[in-house]
$ cat upload_27.txt   # compact mmCIF, C-alpha atoms
# COMPACT_ATOMS: atom_id res chain seq x y z
CA MET I 1 17.24 -12.01 -3.21
CA MET I 2 17.90 -10.87 -6.77
CA GLN I 3 17.61 -7.66 -8.80
CA CYS I 4 15.91 -7.11 -12.16
CA LYS I 5 18.32 -5.80 -14.78
CA ASN I 6 15.61 -3.72 -16.47
CA CYS I 7 13.77 -1.95 -13.65
CA ARG I 8 16.27 -2.60 -10.79
CA VAL I 9 13.54 -3.91 -8.48
CA ILE I 10 14.87 -6.34 -5.85
CA PHE I 11 12.85 -9.52 -5.45
CA MET I 12 12.77 -12.87 -3.73
CA HIS I 13 14.09 -15.56 -6.05
CA ARG I 14 11.77 -18.14 -4.55
CA LYS I 15 8.08 -17.76 -5.39
CA PRO I 16 5.56 -18.98 -2.82
CA THR I 17 2.98 -21.57 -3.82
CA LEU I 18 -0.73 -20.80 -3.70
CA ALA I 19 -0.99 -23.05 -0.67
CA GLU I 20 1.72 -21.05 1.12
CA LEU I 21 -0.03 -17.77 0.35
CA ASN I 22 -3.45 -19.02 1.42
CA ASN I 23 -1.98 -20.34 4.66
CA HIS I 24 -0.10 -17.11 5.38
CA TYR I 25 -2.97 -14.71 4.63
CA SER I 26 -5.85 -16.79 5.99
CA ASP I 27 -5.27 -15.28 9.45
CA TYR I 28 -3.54 -12.07 8.41
CA PRO I 29 -3.87 -9.31 11.08
CA TYR I 30 -5.64 -6.20 9.79
CA VAL I 31 -6.76 -4.79 13.14
CA PHE I 32 -5.13 -1.63 14.51
CA PRO I 33 -5.54 0.10 17.88
CA GLN I 34 -8.23 2.76 17.75
CA SER I 35 -5.66 5.57 17.92
CA VAL I 36 -3.80 4.23 14.86
CA ARG I 37 -7.06 3.64 13.01
CA LEU I 38 -8.12 7.28 13.52
CA SER I 39 -4.78 8.47 12.11
CA ILE I 40 -5.17 6.16 9.11
CA GLU I 41 -8.71 7.41 8.48
CA LYS I 42 -7.51 11.01 8.54
CA SER I 43 -4.77 10.25 6.00
CA TYR I 44 -7.33 8.52 3.76
CA GLU I 45 -9.59 11.57 3.87
CA GLU I 46 -6.65 13.75 2.80
CA LEU I 47 -5.82 11.36 -0.03
CA LEU I 48 -9.41 11.34 -1.28
CA MET I 49 -9.28 15.14 -1.53
CA GLN I 50 -6.11 14.76 -3.61
CA LEU I 51 -7.86 12.23 -5.89
CA GLU I 52 -11.00 14.33 -6.38
CA PRO I 53 -9.81 16.08 -9.61
CA TYR I 54 -9.58 12.66 -11.31
CA ARG I 55 -13.20 11.72 -10.65
CA LYS I 56 -14.92 11.25 -14.01
CA ASN I 57 -16.77 7.92 -14.02
CA ASN I 58 -17.01 7.95 -10.22
CA LYS I 59 -15.42 4.46 -10.06
CA LEU I 60 -12.70 3.46 -7.59
CA LEU I 61 -11.02 0.09 -6.98
CA ASP I 62 -8.93 -0.69 -3.89
CA TYR I 63 -6.74 -3.74 -4.55
CA GLY I 64 -5.94 -5.48 -1.26
CA CYS I 65 -8.59 -3.54 0.64
CA GLY I 66 -8.16 -5.31 3.99
CA THR I 67 -11.16 -4.69 6.24
CA GLY I 68 -12.39 -1.89 3.97
CA ILE I 69 -11.45 1.27 5.88
CA PHE I 70 -10.47 3.15 2.71
CA LEU I 71 -13.52 1.82 0.83
CA GLN I 72 -15.79 3.15 3.56
CA LYS I 73 -14.18 6.58 3.40
CA ALA I 74 -14.45 6.64 -0.41
CA ILE I 75 -18.14 5.67 -0.30
CA GLU I 76 -18.76 8.43 2.25
CA LYS I 77 -17.33 10.85 -0.34
CA GLY I 78 -19.75 9.54 -2.99
CA TRP I 79 -17.45 7.15 -4.86
CA GLN I 80 -18.74 3.86 -6.29
CA ALA I 81 -15.95 1.95 -4.61
CA ILE I 82 -15.24 -1.77 -4.70
CA GLY I 83 -12.36 -3.86 -3.39
CA ILE I 84 -10.33 -7.02 -3.86
CA GLU I 85 -9.08 -8.96 -0.85
CA LEU I 86 -7.52 -12.40 -0.32
CA SER I 87 -7.87 -12.79 3.45
CA GLU I 88 -11.03 -14.68 4.39
CA LYS I 89 -11.33 -12.91 7.76
CA ALA I 90 -11.03 -9.50 6.14
CA LEU I 91 -13.57 -10.49 3.47
CA ILE I 92 -16.09 -11.46 6.11
CA GLU I 93 -15.65 -8.12 7.86
CA CYS I 94 -16.03 -6.22 4.56
CA ARG I 95 -19.22 -8.07 3.71
CA ASN I 96 -20.59 -7.47 7.20
CA LYS I 97 -20.15 -3.78 6.38
CA ASN I 98 -22.08 -4.32 3.08
CA LEU I 99 -19.01 -3.48 1.01
CA THR I 100 -18.61 -4.93 -2.49
CA VAL I 101 -15.41 -6.97 -2.33
CA TYR I 102 -14.11 -9.77 -4.57
CA THR I 103 -11.43 -12.36 -3.87
CA SER I 104 -9.51 -11.82 -7.14
CA ILE I 105 -9.38 -9.53 -10.18
CA GLU I 106 -10.70 -12.41 -12.29
CA GLU I 107 -14.01 -12.21 -10.37
CA LEU I 108 -14.69 -8.62 -11.41
CA PRO I 109 -17.66 -8.24 -13.79
CA SER I 110 -16.53 -7.85 -17.43
CA GLU I 111 -18.16 -4.43 -17.73
CA LYS I 112 -15.62 -3.08 -15.22
CA GLU I 113 -12.98 -2.99 -17.97
CA ALA I 114 -11.24 0.37 -18.46
CA GLU I 115 -13.78 2.41 -16.52
CA PHE I 116 -12.11 3.06 -13.17
CA ASP I 117 -10.91 6.59 -12.45
CA VAL I 118 -8.72 5.46 -9.55
CA ILE I 119 -7.03 2.23 -8.50
CA THR I 120 -5.28 2.14 -5.12
CA MET I 121 -2.87 -0.30 -3.50
CA PHE I 122 -1.86 0.35 0.11
CA GLU I 123 1.16 -1.71 1.15
CA VAL I 124 0.19 -4.43 -1.33
CA ILE I 125 2.49 -4.35 -4.35
CA GLU I 126 5.42 -5.74 -2.34
CA HIS I 127 3.33 -8.88 -1.65
CA LEU I 128 2.71 -9.79 -5.30
CA SER I 129 4.27 -12.92 -6.75
CA GLU I 130 3.17 -12.00 -10.31
CA VAL I 131 3.65 -8.25 -10.23
CA ASN I 132 3.91 -7.59 -13.98
CA GLU I 133 0.77 -9.53 -14.80
CA THR I 134 -1.14 -7.86 -11.97
CA ILE I 135 -0.13 -4.33 -12.97
CA ASP I 136 -1.04 -5.00 -16.61
CA PHE I 137 -4.44 -6.34 -15.60
CA LEU I 138 -5.13 -3.41 -13.31
CA SER I 139 -4.04 -1.05 -16.06
CA SER I 140 -6.66 -2.61 -18.35
CA LEU I 141 -9.31 -1.69 -15.77
CA LEU I 142 -8.18 1.93 -15.55
CA ARG I 143 -9.33 4.58 -18.02
CA ILE I 144 -6.81 6.65 -19.98
CA ASN I 145 -5.56 9.46 -17.71
CA GLY I 146 -6.88 7.58 -14.70
CA VAL I 147 -4.62 7.37 -11.63
CA PHE I 148 -2.83 4.50 -9.93
CA TYR I 149 -1.93 5.26 -6.29
CA ASN I 150 0.53 3.06 -4.38
CA THR I 151 2.24 2.93 -1.03
CA THR I 152 5.05 0.47 -0.38
CA PRO I 153 8.09 0.16 1.92
CA ASN I 154 11.15 2.08 0.71
CA PHE I 155 14.14 -0.30 0.58
CA ASN I 156 16.53 2.68 0.53
CA ASN I 157 15.97 3.86 4.07
CA PRO I 158 18.43 4.14 6.99
CA ALA I 159 16.84 1.37 9.05
CA ARG I 160 17.42 -1.16 6.28
CA TRP I 161 21.04 -0.03 5.87
CA LEU I 162 21.54 -0.31 9.64
CA HIS I 163 19.88 -3.68 10.24
CA LYS I 164 20.62 -5.27 6.85
CA GLU I 165 19.21 -8.81 6.61
CA ASN I 166 17.64 -8.47 10.08
CA TYR I 167 15.34 -5.62 9.01
CA HIS I 168 11.74 -6.70 9.66
CA ILE I 169 10.56 -5.70 6.16
CA ILE I 170 12.58 -8.57 4.68
CA GLU I 171 10.13 -11.41 5.21
CA TYR I 172 9.12 -14.43 3.14
CA PRO I 173 6.46 -15.21 1.94
CA GLU I 174 4.92 -11.85 2.88
CA HIS I 175 7.26 -9.41 1.13
CA LEU I 176 8.47 -10.59 -2.26
CA LEU I 177 9.42 -7.24 -3.87
CA TYR I 178 11.59 -4.39 -2.55
CA PHE I 179 11.44 -0.94 -4.15
CA SER I 180 13.37 2.31 -4.12
CA CYS I 181 11.80 5.42 -5.66
CA ALA I 182 13.93 4.92 -8.77
CA SER I 183 13.09 1.24 -9.25
CA PHE I 184 9.40 1.86 -8.53
CA ASN I 185 9.37 4.57 -11.18
CA ASN I 186 11.14 2.26 -13.64
CA CYS I 187 8.61 -0.50 -13.00
CA LEU I 188 5.54 1.70 -13.50
CA ARG I 189 7.02 3.42 -16.55
CA LEU I 190 7.55 0.04 -18.23
CA HIS I 191 3.81 -0.58 -17.81
CA GLY I 192 2.72 2.64 -19.50
CA PHE I 193 2.38 4.94 -16.48
CA SER I 194 3.92 8.36 -15.97
CA LYS I 195 4.84 9.86 -12.61
CA LYS I 196 2.59 12.55 -11.22
CA GLN I 197 3.97 12.58 -7.69
CA ILE I 198 6.28 10.45 -5.56
CA SER I 199 7.47 11.02 -2.00
CA THR I 200 8.82 9.13 0.99
CA THR I 201 7.70 9.64 4.57
CA GLY I 202 8.19 8.14 7.99
CA ILE I 203 11.13 6.83 9.94
CA ASP I 204 11.58 3.47 11.63
CA ILE I 205 14.71 3.09 13.72
CA SER I 206 13.94 -0.39 15.05
CA SER I 207 14.80 -3.72 13.46
CA LYS I 208 11.75 -5.36 15.04
CA ARG I 209 8.12 -4.38 15.57
CA LYS I 210 6.40 -3.59 18.84
CA PHE I 211 3.57 -6.07 19.35
CA PHE I 212 0.15 -5.65 20.89
CA SER I 213 -2.77 -8.05 20.86
CA ASP I 214 -6.52 -8.11 21.24
CA VAL I 215 -9.11 -10.85 21.46
CA THR I 216 -9.00 -11.83 17.79
CA TYR I 217 -5.68 -10.75 16.30
CA SER I 218 -2.07 -10.08 17.13
CA LYS I 219 -0.66 -7.02 15.39
CA SER I 220 2.58 -5.07 15.48
CA LEU I 221 3.51 -1.42 15.23
CA THR I 222 6.52 0.25 13.68
CA THR I 223 8.27 3.17 15.34
CA ASN I 224 6.69 5.35 12.65
CA GLU I 225 3.15 4.25 13.61
CA ILE I 226 3.84 4.97 17.27
CA ILE I 227 5.09 8.48 16.38
CA LEU I 228 2.06 8.96 14.12
CA VAL I 229 -0.32 8.37 17.02
CA LYS I 230 1.58 10.52 19.51
CA SER I 231 1.89 13.43 17.05
CA GLN I 232 -1.90 13.74 16.81
CA LYS I 233 -2.02 15.16 20.35
CA ASN I 234 1.38 16.86 20.55
CA VAL I 235 1.71 20.07 18.50
CA PHE I 236 5.50 20.17 18.74
CA LEU I 237 5.83 16.52 17.71
CA LYS I 238 3.38 17.08 14.85
CA PHE I 239 5.44 20.01 13.54
CA SER I 240 8.66 18.03 13.98
CA LYS I 241 7.17 15.09 12.07
CA LYS I 242 6.22 17.32 9.14
CA THR I 243 9.70 18.87 9.07
CA VAL I 244 11.42 15.49 9.17
CA ASN I 245 9.12 14.11 6.46
CA TYR I 246 9.94 17.11 4.26
CA PHE I 247 13.64 16.27 4.27
CA LEU I 248 13.04 12.51 4.12
CA SER I 249 11.06 13.07 0.94
CA ILE I 250 13.66 15.36 -0.63
CA PHE I 251 16.41 12.80 -0.11
CA ARG I 252 14.12 9.78 -0.74
CA LEU I 253 14.98 8.28 2.67
CA GLY I 254 11.54 7.87 4.25
CA MET I 255 10.41 4.37 5.17
CA THR I 256 7.31 4.48 2.95
CA ILE I 257 7.02 5.36 -0.74
CA LYS I 258 3.81 7.17 -1.69
CA ALA I 259 3.33 7.37 -5.43
CA LEU I 260 0.65 8.73 -7.76
CA TYR I 261 0.90 7.67 -11.41
CA ILE I 262 -1.15 8.47 -14.52
CA LYS I 263 -2.12 5.88 -17.14
CA ASN I 264 -0.86 7.11 -20.51
CA LYS I 265 -2.16 4.41 -22.85

$ encode --input "upload_27.txt" --output "structure tokens"
Amino acid sequence: MMQCKNCRVIFMHRKPTLAELNNHYSDYPYVFPQSVRLSIEKSYEELLMQLEPYRKNNKLLDYGCGTGIFLQKAIEKGWQAIGIELSEKALIECRNKNLTVYTSIEELPSEKEAEFDVITMFEVIEHLSEVNETIDFLSSLLRINGVFYNTTPNFNNPARWLHKENYHIIEYPEHLLYFSCASFNNCLRLHGFSKKQISTTGIDISSKRKFFSDVTYSKSLTTNEIILVKSQKNVFLKFSKKTVNYFLSIFRLGMTIKALYIKNK
């Protein structure tokens, strides 16, 4: 692992080949238990309310859209939403839902240039092998004063300090980039974006993930996802989670960075 002198982002020195990436993501697990899915859907609805003031052209792009949960929620709110997804299994599921999803940004119709109000990336940017080129391309699709919303693991969190190289986030060829709030801000600023909002939430005290499986996929949960589900039915736990997240965000120690940036030029 190395660190960029300019933006201070930590990255894997070795870059995976296209064959490695296709092999890794061909069977990538996007399925969650129903309880986790409901929590995710609720958070997406809250985010869409936050994004509403930026709706001008009514265009939204979700890069790395998975099985299209966020796209579905955006369409329900009236957005003309499209996605980009590499996983063949996820693509099939998206198309079975009649969602408009492409396999790469190069496939987007040329008229899509600089017309999107919103571009989102949920837990995707850390997977990119060509991050600078991808951000520049996405920026070209976004209108001036449009918003770029990202979530990504926070490398400056207590679980990483505790478990060091054994922390489950450190994984090749899946995770190639590792951000703190400061390095994420540096990276986006270098690409012509200004910070509107950045926070960190969630806590994960385990070095490994708790696995479950269903007929088609195997999938794992973090401690944070388990707490997320339980807090939906427990008022005390829900209040405690909000309180903890408040302080995690102040001190930038939460396990997940949530960042909203504005395109300046």

$ atom_distance --input "upload_27.txt" --atom1 "atom CA of Ile82 of chain I" --atom2 "atom CA of Ile125 of chain I"
17.9 Å

$ residues_around --input "upload_27.txt" --residues "segment 141-158 of chain I" --least-positions-apart "3" --cutoff "7 Å" --atoms "all atoms listed in the file" --output "PDB file with C-alpha atoms, keeping the file's coordinate frame"
ATOM      1  CA  TYR I  54      -9.580  12.660 -11.310  1.00  0.00           C
ATOM      2  CA  LYS I 112     -15.620  -3.080 -15.220  1.00  0.00           C
ATOM      3  CA  GLU I 113     -12.980  -2.990 -17.970  1.00  0.00           C
ATOM      4  CA  ALA I 114     -11.240   0.370 -18.460  1.00  0.00           C
ATOM      5  CA  GLU I 115     -13.780   2.410 -16.520  1.00  0.00           C
ATOM      6  CA  PHE I 116     -12.110   3.060 -13.170  1.00  0.00           C
ATOM      7  CA  ASP I 117     -10.910   6.590 -12.450  1.00  0.00           C
ATOM      8  CA  VAL I 118      -8.720   5.460  -9.550  1.00  0.00           C
ATOM      9  CA  ILE I 119      -7.030   2.230  -8.500  1.00  0.00           C
ATOM     10  CA  THR I 120      -5.280   2.140  -5.120  1.00  0.00           C
ATOM     11  CA  MET I 121      -2.870  -0.300  -3.500  1.00  0.00           C
ATOM     12  CA  PHE I 122      -1.860   0.350   0.110  1.00  0.00           C
ATOM     13  CA  GLU I 123       1.160  -1.710   1.150  1.00  0.00           C
ATOM     14  CA  VAL I 124       0.190  -4.430  -1.330  1.00  0.00           C
ATOM     15  CA  ILE I 125       2.490  -4.350  -4.350  1.00  0.00           C
ATOM     16  CA  GLU I 126       5.420  -5.740  -2.340  1.00  0.00           C
ATOM     17  CA  PHE I 137      -4.440  -6.340 -15.600  1.00  0.00           C
ATOM     18  CA  LEU I 138      -5.130  -3.410 -13.310  1.00  0.00           C
ATOM     19  CA  TRP I 161      21.040  -0.030   5.870  1.00  0.00           C
ATOM     20  CA  LEU I 162      21.540  -0.310   9.640  1.00  0.00           C
ATOM     21  CA  TYR I 178      11.590  -4.390  -2.550  1.00  0.00           C
ATOM     22  CA  PHE I 179      11.440  -0.940  -4.150  1.00  0.00           C
ATOM     23  CA  SER I 180      13.370   2.310  -4.120  1.00  0.00           C
ATOM     24  CA  LEU I 253      14.980   8.280   2.670  1.00  0.00           C
ATOM     25  CA  GLY I 254      11.540   7.870   4.250  1.00  0.00           C
ATOM     26  CA  MET I 255      10.410   4.370   5.170  1.00  0.00           C
ATOM     27  CA  THR I 256       7.310   4.480   2.950  1.00  0.00           C
ATOM     28  CA  ILE I 257       7.020   5.360  -0.740  1.00  0.00           C
ATOM     29  CA  LYS I 258       3.810   7.170  -1.690  1.00  0.00           C
ATOM     30  CA  ALA I 259       3.330   7.370  -5.430  1.00  0.00           C
ATOM     31  CA  LEU I 260       0.650   8.730  -7.760  1.00  0.00           C
ATOM     32  CA  TYR I 261       0.900   7.670 -11.410  1.00  0.00           C
ATOM     33  CA  ILE I 262      -1.150   8.470 -14.520  1.00  0.00           C
ATOM     34  CA  LYS I 263      -2.120   5.880 -17.140  1.00  0.00           C
ATOM     35  CA  ASN I 264      -0.860   7.110 -20.510  1.00  0.00           C
ATOM     36  CA  LYS I 265      -2.160   4.410 -22.850  1.00  0.00           C
TER      37      LYS I 265
END

$ residues_around --input "upload_27.txt" --residues "Phe251 of chain I" --least-positions-apart "3" --cutoff "10 Å" --atoms "all atoms listed in the file" --output "count of residues only"
8

$ closest_residue --input "upload_27.txt" --among "I:Cys187, I:Val131, I:Met1, I:Ile84" --to "Ile105 of chain I" --atoms "all atoms listed in the file"
I:Ile84

$ atom_distance --input "upload_27.txt" --atom1 "atom CA of Pro16 of chain I" --atom2 "atom CA of Glu171 of chain I"
11.9 Å

$ closest_residue --input "upload_27.txt" --among "I:Gly192, I:Pro53, I:Gly78, I:Gly64" --to "Tyr102 of chain I" --atoms "only C-alpha atoms"
I:Gly64

$ residues_around --input "upload_27.txt" --residues "Asn185 of chain I" --least-positions-apart "5" --cutoff "9 Å" --atoms "all atoms listed in the file" --output "MDAnalysis selection string"
chainID I and resid 7 180 190 193:195 198 259

$ closest_residue --input "upload_27.txt" --among "I:Asn132, I:Asn166, I:Thr201, I:Asn96" --to "Arg189 of chain I" --atoms "only C-alpha atoms"
I:Asn132

$ atom_distance --input "upload_27.txt" --atom1 "atom CA of Leu38 of chain I" --atom2 "atom CA of Ile203 of chain I"
19.6 Å

$ decode --input "upload_27.txt" --residues "segment 45-56 of chain I" --atoms "all heavy atoms" --output "mmCIF file, in the first residue's frame"
data_model
loop_
_atom_site.group_PDB
_atom_site.id
_atom_site.type_symbol
_atom_site.label_atom_id
_atom_site.label_comp_id
_atom_site.auth_asym_id
_atom_site.auth_seq_id
_atom_site.Cartn_x
_atom_site.Cartn_y
_atom_site.Cartn_z
ATOM 1 N N GLU I 45 -34.448 6.864 0.836
ATOM 2 C CA GLU I 45 -35.557 7.819 0.783
ATOM 3 C C GLU I 45 -35.172 9.134 1.464
ATOM 4 O O GLU I 45 -35.491 10.221 0.979
ATOM 5 C CB GLU I 45 -36.797 7.212 1.442
ATOM 6 C CG GLU I 45 -37.415 6.084 0.625
ATOM 7 C CD GLU I 45 -38.524 5.357 1.362
ATOM 8 O OE1 GLU I 45 -38.720 5.659 2.569
ATOM 9 O OE2 GLU I 45 -39.175 4.498 0.753
ATOM 10 N N GLU I 46 -34.458 9.034 2.578
ATOM 11 C CA GLU I 46 -33.990 10.238 3.277
ATOM 12 C C GLU I 46 -32.980 11.004 2.433
ATOM 13 O O GLU I 46 -32.999 12.236 2.383
ATOM 14 C CB GLU I 46 -33.383 9.844 4.627
ATOM 15 C CG GLU I 46 -34.403 9.300 5.615
ATOM 16 C CD GLU I 46 -33.768 8.719 6.863
ATOM 17 O OE1 GLU I 46 -32.509 8.624 6.896
ATOM 18 O OE2 GLU I 46 -34.498 8.358 7.803
ATOM 19 N N LEU I 47 -32.098 10.275 1.751
ATOM 20 C CA LEU I 47 -31.112 10.922 0.890
ATOM 21 C C LEU I 47 -31.788 11.629 -0.277
ATOM 22 O O LEU I 47 -31.413 12.755 -0.634
ATOM 23 C CB LEU I 47 -30.109 9.888 0.369
ATOM 24 C CG LEU I 47 -29.099 10.408 -0.665
ATOM 25 C CD1 LEU I 47 -28.230 11.516 -0.089
ATOM 26 C CD2 LEU I 47 -28.242 9.269 -1.181
ATOM 27 N N LEU I 48 -32.779 11.001 -0.878
ATOM 28 C CA LEU I 48 -33.472 11.619 -2.008
ATOM 29 C C LEU I 48 -34.164 12.916 -1.604
ATOM 30 O O LEU I 48 -34.231 13.869 -2.394
ATOM 31 C CB LEU I 48 -34.477 10.629 -2.608
ATOM 32 C CG LEU I 48 -33.837 9.515 -3.448
ATOM 33 C CD1 LEU I 48 -34.832 8.377 -3.672
ATOM 34 C CD2 LEU I 48 -33.338 10.054 -4.776
ATOM 35 N N MET I 49 -34.652 13.001 -0.385
ATOM 36 C CA MET I 49 -35.211 14.253 0.119
ATOM 37 C C MET I 49 -34.124 15.322 0.216
ATOM 38 O O MET I 49 -34.341 16.497 -0.121
ATOM 39 C CB MET I 49 -35.856 14.029 1.487
ATOM 40 C CG MET I 49 -37.118 13.193 1.452
ATOM 41 S SD MET I 49 -37.836 12.933 3.112
ATOM 42 C CE MET I 49 -38.188 14.614 3.590
ATOM 43 N N GLN I 50 -32.922 14.902 0.624
ATOM 44 C CA GLN I 50 -31.797 15.821 0.731
ATOM 45 C C GLN I 50 -31.348 16.311 -0.651
ATOM 46 O O GLN I 50 -30.896 17.458 -0.804
ATOM 47 C CB GLN I 50 -30.639 15.110 1.430
ATOM 48 C CG GLN I 50 -29.420 15.981 1.692
ATOM 49 C CD GLN I 50 -28.289 15.207 2.352
ATOM 50 O OE1 GLN I 50 -28.441 14.032 2.717
ATOM 51 N NE2 GLN I 50 -27.145 15.847 2.496
ATOM 52 N N LEU I 51 -31.498 15.472 -1.667
ATOM 53 C CA LEU I 51 -31.064 15.818 -3.022
ATOM 54 C C LEU I 51 -32.109 16.622 -3.802
ATOM 55 O O LEU I 51 -31.800 17.190 -4.845
ATOM 56 C CB LEU I 51 -30.742 14.537 -3.798
ATOM 57 C CG LEU I 51 -29.576 13.690 -3.281
ATOM 58 C CD1 LEU I 51 -29.470 12.396 -4.077
ATOM 59 C CD2 LEU I 51 -28.269 14.465 -3.340
ATOM 60 N N GLU I 52 -33.325 16.676 -3.296
ATOM 61 C CA GLU I 52 -34.428 17.318 -4.010
ATOM 62 C C GLU I 52 -34.133 18.761 -4.441
ATOM 63 O O GLU I 52 -34.486 19.160 -5.559
ATOM 64 C CB GLU I 52 -35.689 17.259 -3.155
ATOM 65 C CG GLU I 52 -36.953 17.661 -3.883
ATOM 66 C CD GLU I 52 -37.289 16.734 -5.041
ATOM 67 O OE1 GLU I 52 -36.996 15.520 -4.937
ATOM 68 O OE2 GLU I 52 -37.845 17.234 -6.038
ATOM 69 N N PRO I 53 -33.490 19.599 -3.597
ATOM 70 C CA PRO I 53 -33.237 20.991 -4.016
ATOM 71 C C PRO I 53 -32.338 21.121 -5.247
ATOM 72 O O PRO I 53 -32.300 22.194 -5.872
ATOM 73 C CB PRO I 53 -32.544 21.604 -2.789
ATOM 74 C CG PRO I 53 -32.986 20.763 -1.645
ATOM 75 C CD PRO I 53 -33.097 19.383 -2.191
ATOM 76 N N TYR I 54 -31.626 20.051 -5.612
ATOM 77 C CA TYR I 54 -30.707 20.118 -6.752
ATOM 78 C C TYR I 54 -31.346 19.607 -8.039
ATOM 79 O O TYR I 54 -30.690 19.554 -9.072
ATOM 80 C CB TYR I 54 -29.443 19.305 -6.434
ATOM 81 C CG TYR I 54 -28.747 19.788 -5.190
ATOM 82 C CD1 TYR I 54 -28.926 19.130 -3.963
ATOM 83 C CD2 TYR I 54 -27.934 20.912 -5.213
ATOM 84 C CE1 TYR I 54 -28.307 19.585 -2.809
ATOM 85 C CE2 TYR I 54 -27.307 21.373 -4.065
ATOM 86 C CZ TYR I 54 -27.496 20.702 -2.876
ATOM 87 O OH TYR I 54 -26.885 21.160 -1.727
ATOM 88 N N ARG I 55 -32.620 19.254 -7.983
ATOM 89 C CA ARG I 55 -33.307 18.754 -9.168
ATOM 90 C C ARG I 55 -33.599 19.913 -10.123
ATOM 91 O O ARG I 55 -34.334 20.829 -9.786
ATOM 92 C CB ARG I 55 -34.611 18.055 -8.781
ATOM 93 C CG ARG I 55 -35.214 17.243 -9.952
ATOM 94 C CD ARG I 55 -36.668 16.852 -9.676
ATOM 95 N NE ARG I 55 -36.835 15.964 -8.553
ATOM 96 C CZ ARG I 55 -37.526 14.814 -8.598
ATOM 97 N NH1 ARG I 55 -38.057 14.399 -9.726
ATOM 98 N NH2 ARG I 55 -37.679 14.092 -7.504
ATOM 99 N N LYS I 56 -33.011 19.870 -11.285
ATOM 100 C CA LYS I 56 -33.218 20.904 -12.314
ATOM 101 C C LYS I 56 -33.571 20.263 -13.648
ATOM 102 O O LYS I 56 -34.601 20.563 -14.246
ATOM 103 C CB LYS I 56 -31.968 21.763 -12.452
ATOM 104 C CG LYS I 56 -32.109 22.902 -13.456
ATOM 105 C CD LYS I 56 -30.836 23.740 -13.510
ATOM 106 C CE LYS I 56 -30.971 24.865 -14.527
ATOM 107 N NZ LYS I 56 -29.718 25.684 -14.609
#
